[in-house]
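Peer 1: See start-v2.cif below, with mmCIF, C-alpha atoms, pLDDT in the B column; chains and numbers go by the auth columns.
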data_model
loop_
_atom_site.group_PDB
_atom_site.id
_atom_site.type_symbol
_atom_site.label_atom_id
_atom_site.label_comp_id
_atom_site.label_asym_id
_atom_site.label_seq_id
_atom_site.Cartn_x
_atom_site.Cartn_y
_atom_site.Cartn_z
_atom_site.B_iso_or_equiv
_atom_site.auth_seq_id
_atom_site.auth_asym_id
ATOM 1 C CA MET A 1 -49.491 3.199 -8.072 45.00 12 A
ATOM 2 C CA SER A 2 -48.874 6.598 -9.550 48.00 13 A
ATOM 3 C CA SER A 3 -45.516 7.710 -10.933 48.00 14 A
ATOM 4 C CA ASP A 4 -45.208 10.003 -7.902 47.00 15 A
ATOM 5 C CA ALA A 5 -45.443 7.053 -5.534 47.00 16 A
ATOM 6 C CA LYS A 6 -42.954 5.026 -7.581 46.00 17 A
ATOM 7 C CA SER A 7 -40.358 7.773 -7.455 46.00 18 A
ATOM 8 C CA LYS A 8 -40.670 8.010 -3.676 47.00 19 A
ATOM 9 C CA ILE A 9 -40.371 4.241 -3.232 51.00 20 A
ATOM 10 C CA GLY A 10 -37.519 3.806 -5.682 49.00 21 A
ATOM 11 C CA GLY A 11 -35.589 6.771 -4.372 50.00 22 A
ATOM 12 C CA GLY A 12 -36.627 9.510 -6.764 56.00 23 A
ATOM 13 C CA SER A 13 -33.313 11.344 -6.442 67.00 24 A
ATOM 14 C CA GLY A 14 -31.485 8.273 -7.712 78.00 25 A
ATOM 15 C CA GLY A 15 -29.958 5.254 -6.147 92.00 26 A
ATOM 16 C CA PHE A 16 -26.434 4.501 -5.099 92.00 27 A
ATOM 17 C CA LYS A 17 -25.314 3.669 -8.629 91.00 28 A
ATOM 18 C CA SER A 18 -26.607 6.884 -10.161 91.00 29 A
ATOM 19 C CA ARG A 19 -25.116 8.924 -7.325 88.00 30 A
ATOM 20 C CA MET A 20 -21.695 7.269 -7.822 86.00 31 A
ATOM 21 C CA GLU A 21 -21.871 7.870 -11.561 88.00 32 A
ATOM 22 C CA HIS A 22 -22.666 11.516 -10.881 88.00 33 A
ATOM 23 C CA TYR A 23 -19.609 11.836 -8.602 82.00 34 A
ATOM 24 C CA LEU A 24 -17.349 10.004 -11.035 82.00 35 A
ATOM 25 C CA TYR A 25 -18.313 11.819 -14.213 88.00 36 A
ATOM 26 C CA SER A 26 -19.320 15.279 -12.986 89.00 37 A
ATOM 27 C CA GLY A 27 -15.832 16.796 -13.020 88.00 38 A
ATOM 28 C CA ASP A 28 -16.795 18.981 -10.070 89.00 39 A
ATOM 29 C CA LYS A 29 -13.738 20.214 -8.166 92.00 40 A
ATOM 30 C CA LYS A 30 -14.785 18.750 -4.829 92.00 41 A
ATOM 31 C CA HIS A 31 -15.542 15.378 -6.429 90.00 42 A
ATOM 32 C CA VAL A 32 -12.148 15.312 -8.121 91.00 43 A
ATOM 33 C CA MET A 33 -10.391 16.176 -4.850 93.00 44 A
ATOM 34 C CA ALA A 34 -12.386 13.515 -3.008 92.00 45 A
ATOM 35 C CA GLY A 35 -11.396 10.957 -5.655 91.00 46 A
ATOM 36 C CA ILE A 36 -7.727 11.882 -5.357 94.00 47 A
ATOM 37 C CA ALA A 37 -7.978 11.569 -1.566 95.00 48 A
ATOM 38 C CA VAL A 38 -9.614 8.138 -1.791 94.00 49 A
ATOM 39 C CA ILE A 39 -7.003 6.835 -4.240 95.00 50 A
ATOM 40 C CA SER A 40 -4.206 8.273 -2.084 96.00 51 A
ATOM 41 C CA VAL A 41 -5.548 6.479 0.980 95.00 52 A
ATOM 42 C CA ILE A 42 -5.902 3.219 -0.953 96.00 53 A
ATOM 43 C CA PHE A 43 -2.219 3.320 -1.915 95.00 54 A
ATOM 44 C CA ALA A 44 -0.878 4.920 1.288 95.00 55 A
ATOM 45 C CA VAL A 45 -2.237 2.377 3.766 93.00 56 A
ATOM 46 C CA PRO A 46 -0.447 -0.688 2.311 91.00 57 A
ATOM 47 C CA TRP A 47 2.724 1.371 1.746 90.00 58 A
ATOM 48 C CA TYR A 48 2.697 2.452 5.395 89.00 59 A
ATOM 49 C CA PHE A 49 2.317 -1.097 6.671 87.00 60 A
ATOM 50 C CA MET A 50 4.999 -2.425 4.319 84.00 61 A
ATOM 51 C CA SER A 51 7.548 0.270 5.123 82.00 62 A
ATOM 52 C CA ARG A 52 7.315 0.115 8.908 81.00 63 A
ATOM 53 C CA GLY A 53 9.301 -2.434 10.863 72.00 64 A
ATOM 54 C CA LYS A 54 12.814 -3.686 10.256 69.00 65 A
ATOM 55 C CA LYS A 55 14.576 -2.066 7.358 71.00 66 A
ATOM 56 C CA HIS A 56 16.033 -4.345 4.736 69.00 67 A
ATOM 57 C CA GLN A 57 19.757 -4.628 4.247 71.00 68 A
ATOM 58 C CA SER A 58 21.402 -3.641 1.043 82.00 69 A
ATOM 59 C CA HIS A 59 23.152 -6.289 -1.014 85.00 70 A
ATOM 60 C CA GLN A 60 26.544 -4.862 -0.067 86.00 71 A
ATOM 61 C CA ASP A 61 25.701 -5.114 3.657 87.00 72 A
ATOM 62 C CA TYR A 62 24.689 -8.724 3.150 87.00 73 A
ATOM 63 C CA LEU A 63 27.961 -9.552 1.355 90.00 74 A
ATOM 64 C CA GLU A 64 30.045 -7.904 4.076 91.00 75 A
ATOM 65 C CA LYS A 65 28.179 -9.791 6.798 92.00 76 A
ATOM 66 C CA ALA A 66 28.595 -13.081 4.904 93.00 77 A
ATOM 67 C CA ASP A 67 32.342 -12.473 4.397 94.00 78 A
ATOM 68 C CA LYS A 68 32.775 -11.705 8.088 94.00 79 A
ATOM 69 C CA ALA A 69 30.911 -14.859 9.135 93.00 80 A
ATOM 70 C CA ARG A 70 32.879 -16.947 6.629 93.00 81 A
ATOM 71 C CA SER A 71 36.229 -15.602 7.840 93.00 82 A
ATOM 72 C CA GLU A 72 35.234 -16.221 11.483 91.00 83 A
ATOM 73 C CA ARG A 73 34.175 -19.760 10.660 91.00 84 A
ATOM 74 C CA LEU A 74 37.384 -20.472 8.768 90.00 85 A
ATOM 75 C CA SER A 75 39.609 -18.957 11.464 88.00 86 A
ATOM 76 C CA SER A 76 37.851 -20.902 14.225 82.00 87 A
ATOM 77 C CA SER A 77 38.041 -24.207 12.314 73.00 88 A
ATOM 78 C CA SER A 78 41.764 -23.739 11.519 67.00 89 A
ATOM 79 C CA SER A 79 42.603 -22.998 15.171 63.00 90 A
ATOM 80 C CA THR A 80 40.746 -26.126 16.413 61.00 91 A
ATOM 81 C CA THR A 81 42.534 -28.468 13.949 57.00 92 A
ATOM 82 C CA LYS A 82 46.012 -27.491 15.184 53.00 93 A
#
Take the structure in the file and write it out as structure tokens.
Peer 2:
Amino acid sequence: MSSDAKSKIGGGSGGFKSRMEHYLYSGDKKHVMAGIAVISVIFAVPWYFMSRGKKHQSHQDYLEKADKARSERLSSSSSTTK
């Protein structure tokens, strides 16, 4: 096998690893922008799924709701004991 044949079989322009290293370390503007876009998507997808749905209550809202339920429970139990 000649070196010409080896380069065609082994992917003379480089494999996946060498191509990724070229993109990572080249500093080319389009590669940097693509990297920023990929990282943004990686962080945006979980954030989107976590932030949709029912919104959480604040601690103050929870305390007010608990006080209201407690006062209703106490007023209903005092009226039934009379």
Peer 1: For range 60-65 of chain A, what centre and edge lengths in Å (one decimal) does the axis-aligned box get once 5 Å is added on each side of all its listed atoms, as lines of an AutoDock Vina configuration file?
Peer 2:
center_x = 7.6
center_y = -1.7
center_z = 7.6
size_x = 20.5
size_y = 14.0
size_z = 16.5
Peer 1: How many Å lie between CA of Leu35 in chain A and CA of Ala48 in chain A, rounded to one decimal?
Peer 2: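 We find that CA of Leu35 in chain A and CA of Ala48 in chain A lie 13.4 Å from each other.
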Peer 1: Please provide as a count of residues only all residues within 12 Å of His42 in chain A, with the sequence filter that same-chain residues fewer than 5 positions apart are discarded (counting only C-alpha atoms).
Peer 2: 11
Peer 1: So what do you get for CA of Glu83 in chain A versus CA of Gly64 in chain A, distance-wise?
Peer 2: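 Spanning CA of Glu83 in chain A to CA of Gly64 in chain A is a straight-line distance of 29.4 Å.
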Peer 1: Just the number, please: distance in Å from CA of Lys76 in chain A to CA of Ser62 in chain A, one decimal.
Peer 2: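 Computing the Euclidean distance for CA of Lys76 in chain A and CA of Ser62 in chain A yields 23.0 Å.
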